[in-house]
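Peer 1: Below is a structure I'd like to ask you about.
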Amino acid sequence: MDKRTAICNYLKKYHTGKENAVYSRELQRLFSLDGRNLRRKISALRRDGHPICSDESGYYYARSQQEINATVCRLNTLVTQVSNARTGLLYASIISNEPVSVRININLE
C-alpha cells in the first residue's frame, strides 16, 4: 500500500470528524514524511475526491458536508491571500515614475 492510500485509510479509521483531528506533525512522524510531502499527499487525495479536511486542529476525514464546506472556505481564503501577495509583487516590480497600466486575470476553477 502506498503512503497516500495509507494516510487516507488511517484518517478515515481513526480521525473521522473535526473533533478527532490529528496534528500534521503526528502524521509526518507516523508516515515518515516532511511537511511539504504530507501536504502534497493530502492535496492529491483531495483532488481524487477524498474528503480530507483541515483546520487549526489538524487533518481529519470529513463526517459532514459542513466540515467539507468549512475547509473549502479556508482554502479559498488562502488562495486569495496568495493571489493578493502575487499582485503586490507584480505591482512592486513595475513601479516607476511613469504611470503604467496593469491587467491581471485570475481564473478559479
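The way I read the labels, and the way they are meant: chains A, B, ... in the order of the C-alpha cells, residue 1 as the first residue of every chain, and ligand 1 as the first ligand shown, with later ones counted on from there.
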Hey, what's within 12 Å of Ile106 of chain A if we count only C-alpha atoms and toss same-chain stuff fewer than 3 positions away? As a ChimeraX atom specification, please?

Peer 2: /A:79-80,82-84,86-87,103,109

Peer 1: What gap, in Å, lies between atom CA of Tyr10 of chain A and atom CA of Thr77 of chain A?

Peer 2: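 Atom-to-atom, atom CA of Tyr10 of chain A and atom CA of Thr77 of chain A are spaced 27.5 Å apart.
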
Peer 1: Looking at only C-alpha atoms, which of A:Ala44, A:Cys53, A:Cys73, A:Ile104 is the one that sits closest to Ser24 of chain A?

Peer 2: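 Of A:Ala44, A:Cys53, A:Cys73, A:Ile104, the one nearest Ser24 of chain A is A:Cys53, counting only C-alpha atoms.
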
Peer 1: If you run DSSP on the backbone, which residues of segment 67-107 of chain A are alpha helix (DSSP H), as a PyMOL selection string?

Peer 2: chain A and resi 67-94

Peer 1: Just the residues within 12 Å of Ser54 of chain A, please, counting only C-alpha atoms, with nothing from its chain fewer than 2 positions along; format it as a PyMOL selection string.

Peer 2: chain A and resi 11+15-24+39+42-43+46+51-52+56-62+67-75

Peer 1: From a DSSP calculation on the backbone, collect every residue of chain A in strand (DSSP E or B) and output the set as a ChimeraX atom specification.

Peer 2: /A:16,22,52-55,58-61

Peer 1: Selected residues, N, CA, C and O atoms, written as a PDB file, in the first residue's frame, please.

Peer 2:
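In the end it all went to selection_38.pdb:
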```pdb
ATOM      1  N   THR A  16     -12.079  10.510  11.923  1.00  0.00           N
ATOM      2  CA  THR A  16     -13.258  10.990  11.219  1.00  0.00           C
ATOM      3  C   THR A  16     -13.950  12.032  12.092  1.00  0.00           C
ATOM      4  O   THR A  16     -14.196  11.794  13.271  1.00  0.00           O
ATOM      5  N   VAL A  22      -6.125  15.200  13.778  1.00  0.00           N
ATOM      6  CA  VAL A  22      -4.763  14.852  14.170  1.00  0.00           C
ATOM      7  C   VAL A  22      -3.822  15.927  13.619  1.00  0.00           C
ATOM      8  O   VAL A  22      -3.969  16.384  12.487  1.00  0.00           O
ATOM      9  N   ILE A  52     -10.810  14.910   2.766  1.00  0.00           N
ATOM     10  CA  ILE A  52      -9.830  15.167   3.819  1.00  0.00           C
ATOM     11  C   ILE A  52      -9.919  16.650   4.159  1.00  0.00           C
ATOM     12  O   ILE A  52      -9.650  17.509   3.317  1.00  0.00           O
ATOM     13  N   CYS A  53     -10.294  16.943   5.382  1.00  0.00           N
ATOM     14  CA  CYS A  53     -10.465  18.318   5.834  1.00  0.00           C
ATOM     15  C   CYS A  53      -9.305  18.721   6.733  1.00  0.00           C
ATOM     16  O   CYS A  53      -8.542  17.872   7.199  1.00  0.00           O
ATOM     17  N   SER A  54      -9.207  20.017   6.970  1.00  0.00           N
ATOM     18  CA  SER A  54      -8.162  20.508   7.870  1.00  0.00           C
ATOM     19  C   SER A  54      -8.559  21.873   8.412  1.00  0.00           C
ATOM     20  O   SER A  54      -9.333  22.606   7.802  1.00  0.00           O
ATOM     21  N   ASP A  55      -8.024  22.164   9.565  1.00  0.00           N
ATOM     22  CA  ASP A  55      -8.143  23.479  10.174  1.00  0.00           C
ATOM     23  C   ASP A  55      -7.031  23.593  11.211  1.00  0.00           C
ATOM     24  O   ASP A  55      -6.078  22.810  11.185  1.00  0.00           O
ATOM     25  N   GLY A  58      -5.893  20.412  12.927  1.00  0.00           N
ATOM     26  CA  GLY A  58      -5.213  19.350  12.189  1.00  0.00           C
ATOM     27  C   GLY A  58      -6.027  18.824  11.028  1.00  0.00           C
ATOM     28  O   GLY A  58      -6.943  19.477  10.524  1.00  0.00           O
ATOM     29  N   TYR A  59      -5.677  17.600  10.606  1.00  0.00           N
ATOM     30  CA  TYR A  59      -6.342  16.934   9.484  1.00  0.00           C
ATOM     31  C   TYR A  59      -7.352  15.922  10.005  1.00  0.00           C
ATOM     32  O   TYR A  59      -7.154  15.302  11.056  1.00  0.00           O
ATOM     33  N   TYR A  60      -8.425  15.740   9.229  1.00  0.00           N
ATOM     34  CA  TYR A  60      -9.420  14.741   9.591  1.00  0.00           C
ATOM     35  C   TYR A  60     -10.247  14.370   8.364  1.00  0.00           C
ATOM     36  O   TYR A  60     -10.300  15.107   7.386  1.00  0.00           O
ATOM     37  N   TYR A  61     -10.840  13.200   8.420  1.00  0.00           N
ATOM     38  CA  TYR A  61     -11.726  12.728   7.361  1.00  0.00           C
ATOM     39  C   TYR A  61     -13.111  13.305   7.651  1.00  0.00           C
ATOM     40  O   TYR A  61     -13.606  13.202   8.774  1.00  0.00           O
TER      41      TYR A  61
END
```

Peer 1: Could you list, as a PyMOL selection string, every residue within 8 Å of Leu45 of chain A, counting only C-alpha atoms and ignoring same-chain residues fewer than 5 positions away?

Peer 2: chain A and resi 4+8+50+52

Peer 1: Set the distance at 12 Å and use only C-alpha atoms: which residues neighbour Asp2 of chain A once local chain neighbours fewer than 6 positions away are removed? I'd like the list as a ChimeraX atom specification.

Peer 2: /A:8-9,31,41

Peer 1: Can you write out the residues you just picked, keeping N, CA and C atoms, as a PDB file, in the first residue's frame?

Peer 2:
```pdb
ATOM      1  N   CYS A   8      -4.957   8.058   3.868  1.00  0.00           N
ATOM      2  CA  CYS A   8      -6.411   8.148   3.717  1.00  0.00           C
ATOM      3  C   CYS A   8      -7.101   7.124   4.619  1.00  0.00           C
ATOM      4  N   ASN A   9      -6.637   5.887   4.583  1.00  0.00           N
ATOM      5  CA  ASN A   9      -7.243   4.844   5.408  1.00  0.00           C
ATOM      6  C   ASN A   9      -7.093   5.150   6.892  1.00  0.00           C
ATOM      7  N   PHE A  31       4.085   8.542   9.165  1.00  0.00           N
ATOM      8  CA  PHE A  31       4.306   8.132   7.780  1.00  0.00           C
ATOM      9  C   PHE A  31       5.680   8.529   7.238  1.00  0.00           C
ATOM     10  N   LYS A  41       0.598  14.986  -0.508  1.00  0.00           N
ATOM     11  CA  LYS A  41      -0.210  13.770  -0.497  1.00  0.00           C
ATOM     12  C   LYS A  41      -1.656  14.078  -0.122  1.00  0.00           C
TER      13      LYS A  41
END
```
